[in-house]
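S.K.: Below you will find the structure I want to go over with you.
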Amino acid sequence: MPQDIYRTRERDRSAHGRPLATPLDFERWVIRTHGSHWRSLFLVGSLLALFGVLIGVVLYQQHLLILRSRSASATSVSSPPVPPTPSTPLVEVTATTEWDPTGRWTLDDHEDIIPEPPPKDEYPPVTTRWILQAARALRQAEAAYNRGEWDAAIHAYHLAKRYVPDLKDVDARLGLCYLRKKEFAHAEESFGRAIEFFPTSTGLLNNLGVARLAQGKLPDAEEAFLAALNSRPDYLPAARNLALLKYRAGIWAEAAERLRTLSQLLPEDAELTLMQAISLIRLEQWEESVNVLRDAVKRWPGIAPIQFRLAQSLSHLGGGDEAMEILQRAVQLIDPSRSLAWLARTEFDRLRVREDFQQLIQELTKPR
C-alpha cells in the first residue's frame, strides 16, 4: 500500500520537518522539545518574580514617604515657628497707601523672655500627671495661636496654668492673644504679671508698652519702651514704638529726630519715611521735607500720600507748577472720591486759586 506523503504522523516528523527514521531519533526529538518548553517556562517565571519584587519595592517606598509626610505635618503643628532675625520687626497692622499713616505698633512674639535659667530651687515640685496635662494644653494653645484662633489659645493657656501654676511665661503668650483681640487692658495685666518674674525682658517691656499705647496711656507706655531700650539700646521694636508714640502725641521735633534715625536703620520702611516727612511739615521745615519726599517718590512711586505731601511742601516753597504735575500723578493712584478728599484739605489752599487746580477737581467730579 502506497505511503501517504501528505499526512505523515507527527511523531514520525522531526522539528525541522524531516522524518524520524528510528525510535532513538524520536526519543531525542521528545527530549529536545520538552527541554525547550521548560526553559521557556523558567524564563517567564523569573521575569514575573522580578516584576513582583519591583512592585513590592515601589509600594514600600511609597509607604515610607506617607509615614514621613505625616510625621512632618505633625511636627509642623506642634513645633513653634522659627523666629525671625531681631532686626525684622513684627508689624501688627497693615499700612495704608491712601491716607497719611497713623503709625503701626510693633509686637515681639519671638523674643526669649527668660534671659537666663532660673535657680533650681525656685519652683516647688509638681506631679508627672500635671506636667503631662499642662504639656498637652500647651501644644493645643500653640497650635491655636499659630492658626490665629485667639479664644481657643487663651482657653488652652489658662488650662495649662491651672495644671502647673508656676508656668510664669504663659502670661506673655496670653498678653499677645489679648493684644490681637484688641483687649488691651487684659493684655496689660498679663504682661505686667509676666514682668514681675522677668523684669529685664525687652520683648515683654515692648509689648507692655504697646498695650499701654493702645489705651492712650502715653507716659506709662514711654516708660516701658525706655526700659526696654535701657536693657538693649539696639532693640528696634521698642525704638520704633517710641517714635510712634512721639508722632501720635504731636511732639514733632523729637518724633522727626527719632524717625530720621529709624529710616536710616530700616530704609525699606516707607511708613517711617512718610511719618518723618509729616513731622518735618508740622515743624514747617519745608526744604528738608521736600528732600525726604523726593527721595521717597523715587523709591515708592505707587504710594499716593507721599505724592500729595510732596505737592504740599512744594507749594509752600513757591513751586506751584511742579506741585500740580505731582498732583496729576497722585490722583491716578487712588479713586476719585479719595483724591477729592485730599484736595479739599486746607494744606492745598495755596494751589486752590490756580485754574489748573480747579480743572483737576472738575475732572475728578465727572461721572464715570
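Ordering of the C-alpha cells sets the chain letters (A, B, ...); residue numbers start at 1 within each chain; ligands are numbered from 1 in the order shown.
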I want to know what sits within 12 Å of Thr128 of chain A, based on only C-alpha atoms, with residues of the same chain fewer than 6 positions away left out; could you give that as a PyMOL selection string?
M.R.: chain A and resi 134-135+163-164
S.K.: Ser289 of chain A: which residues within 9 Å, counting only C-alpha atoms, same-chain residues fewer than 5 positions away excluded, as a compact mmCIF listing (two decimals) with N, CA and C atoms, in the first residue's frame?
M.R.:
```txt
# COMPACT_ATOMS: atom_id res chain seq x y z
N GLN A 276 8.26 110.66 59.02
CA GLN A 276 9.33 111.65 59.22
C GLN A 276 9.02 112.92 58.43
N ALA A 277 8.60 112.77 57.17
CA ALA A 277 8.29 113.94 56.34
C ALA A 277 7.13 114.73 56.92
N ILE A 278 6.10 114.05 57.42
CA ILE A 278 4.95 114.75 58.00
C ILE A 278 5.38 115.50 59.27
N SER A 279 6.26 114.91 60.06
CA SER A 279 6.77 115.61 61.25
C SER A 279 7.52 116.88 60.83
N LEU A 280 8.31 116.81 59.76
CA LEU A 280 9.02 117.99 59.28
C LEU A 280 8.04 119.04 58.75
N ILE A 281 6.96 118.59 58.09
CA ILE A 281 5.94 119.54 57.61
C ILE A 281 5.29 120.24 58.79
N GLU A 284 7.22 122.94 59.84
CA GLU A 284 7.39 123.90 58.75
C GLU A 284 8.83 123.93 58.24
N ARG A 294 11.13 113.76 47.96
CA ARG A 294 11.62 113.49 46.59
C ARG A 294 12.28 112.11 46.54
N ARG A 309 1.86 114.84 49.81
CA ARG A 309 2.65 115.62 50.76
C ARG A 309 3.80 116.35 50.07
N LEU A 310 4.37 115.78 49.04
CA LEU A 310 5.41 116.48 48.29
C LEU A 310 4.82 117.70 47.59
N SER A 313 4.40 120.46 50.20
CA SER A 313 5.66 121.12 50.57
C SER A 313 6.16 122.03 49.46
```
S.K.: Please report the interatomic distance between atom CA of Ala330 of chain A and atom CA of Gln307 of chain A in Å with one decimal.
M.R.: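 Taking atom CA of Ala330 of chain A as the start and atom CA of Gln307 of chain A as the end point, the length is 5.6 Å.
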S.K.: Could you work out how far atom CA of Ser263 of chain A lies from atom CA of Gly250 of chain A, giving the answer in Å with one decimal?
M.R.: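 Interatomic distance, atom CA of Gly250 of chain A to atom CA of Ser263 of chain A: 18.7 Å.
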S.K.: Any idea what the distance is between atom CA of Trp252 of chain A and atom CA of Glu325 of chain A?
M.R.: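 About the pair atom CA of Trp252 of chain A and atom CA of Glu325 of chain A: they are 28.7 Å apart.
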S.K.: Find the residues around segment 362-366 of chain A up to 8 Å (only C-alpha atoms counted), leave out those fewer than 4 positions away in its own chain, and share them as a PyMOL selection string.
M.R.: chain A and resi 336-337+339-340+358
S.K.: Taking N, CA and C atoms for each residue, export the selection above as a compact mmCIF listing (two decimals), in the first residue's frame.
M.R.:
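Output below, filename result_11.txt:
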```txt
# COMPACT_ATOMS: atom_id res chain seq x y z
N PRO A 336 -11.32 108.54 42.61
CA PRO A 336 -11.61 109.98 42.61
C PRO A 336 -12.15 110.51 43.93
N SER A 337 -12.97 109.73 44.64
CA SER A 337 -13.54 110.24 45.89
C SER A 337 -12.44 110.51 46.92
N SER A 339 -9.28 111.10 46.16
CA SER A 339 -8.48 112.22 45.64
C SER A 339 -9.15 113.55 45.98
N LEU A 340 -10.48 113.64 45.82
CA LEU A 340 -11.19 114.86 46.18
C LEU A 340 -11.08 115.17 47.67
N GLN A 358 -8.50 123.91 39.71
CA GLN A 358 -9.94 123.80 39.58
C GLN A 358 -10.32 122.84 38.45
```
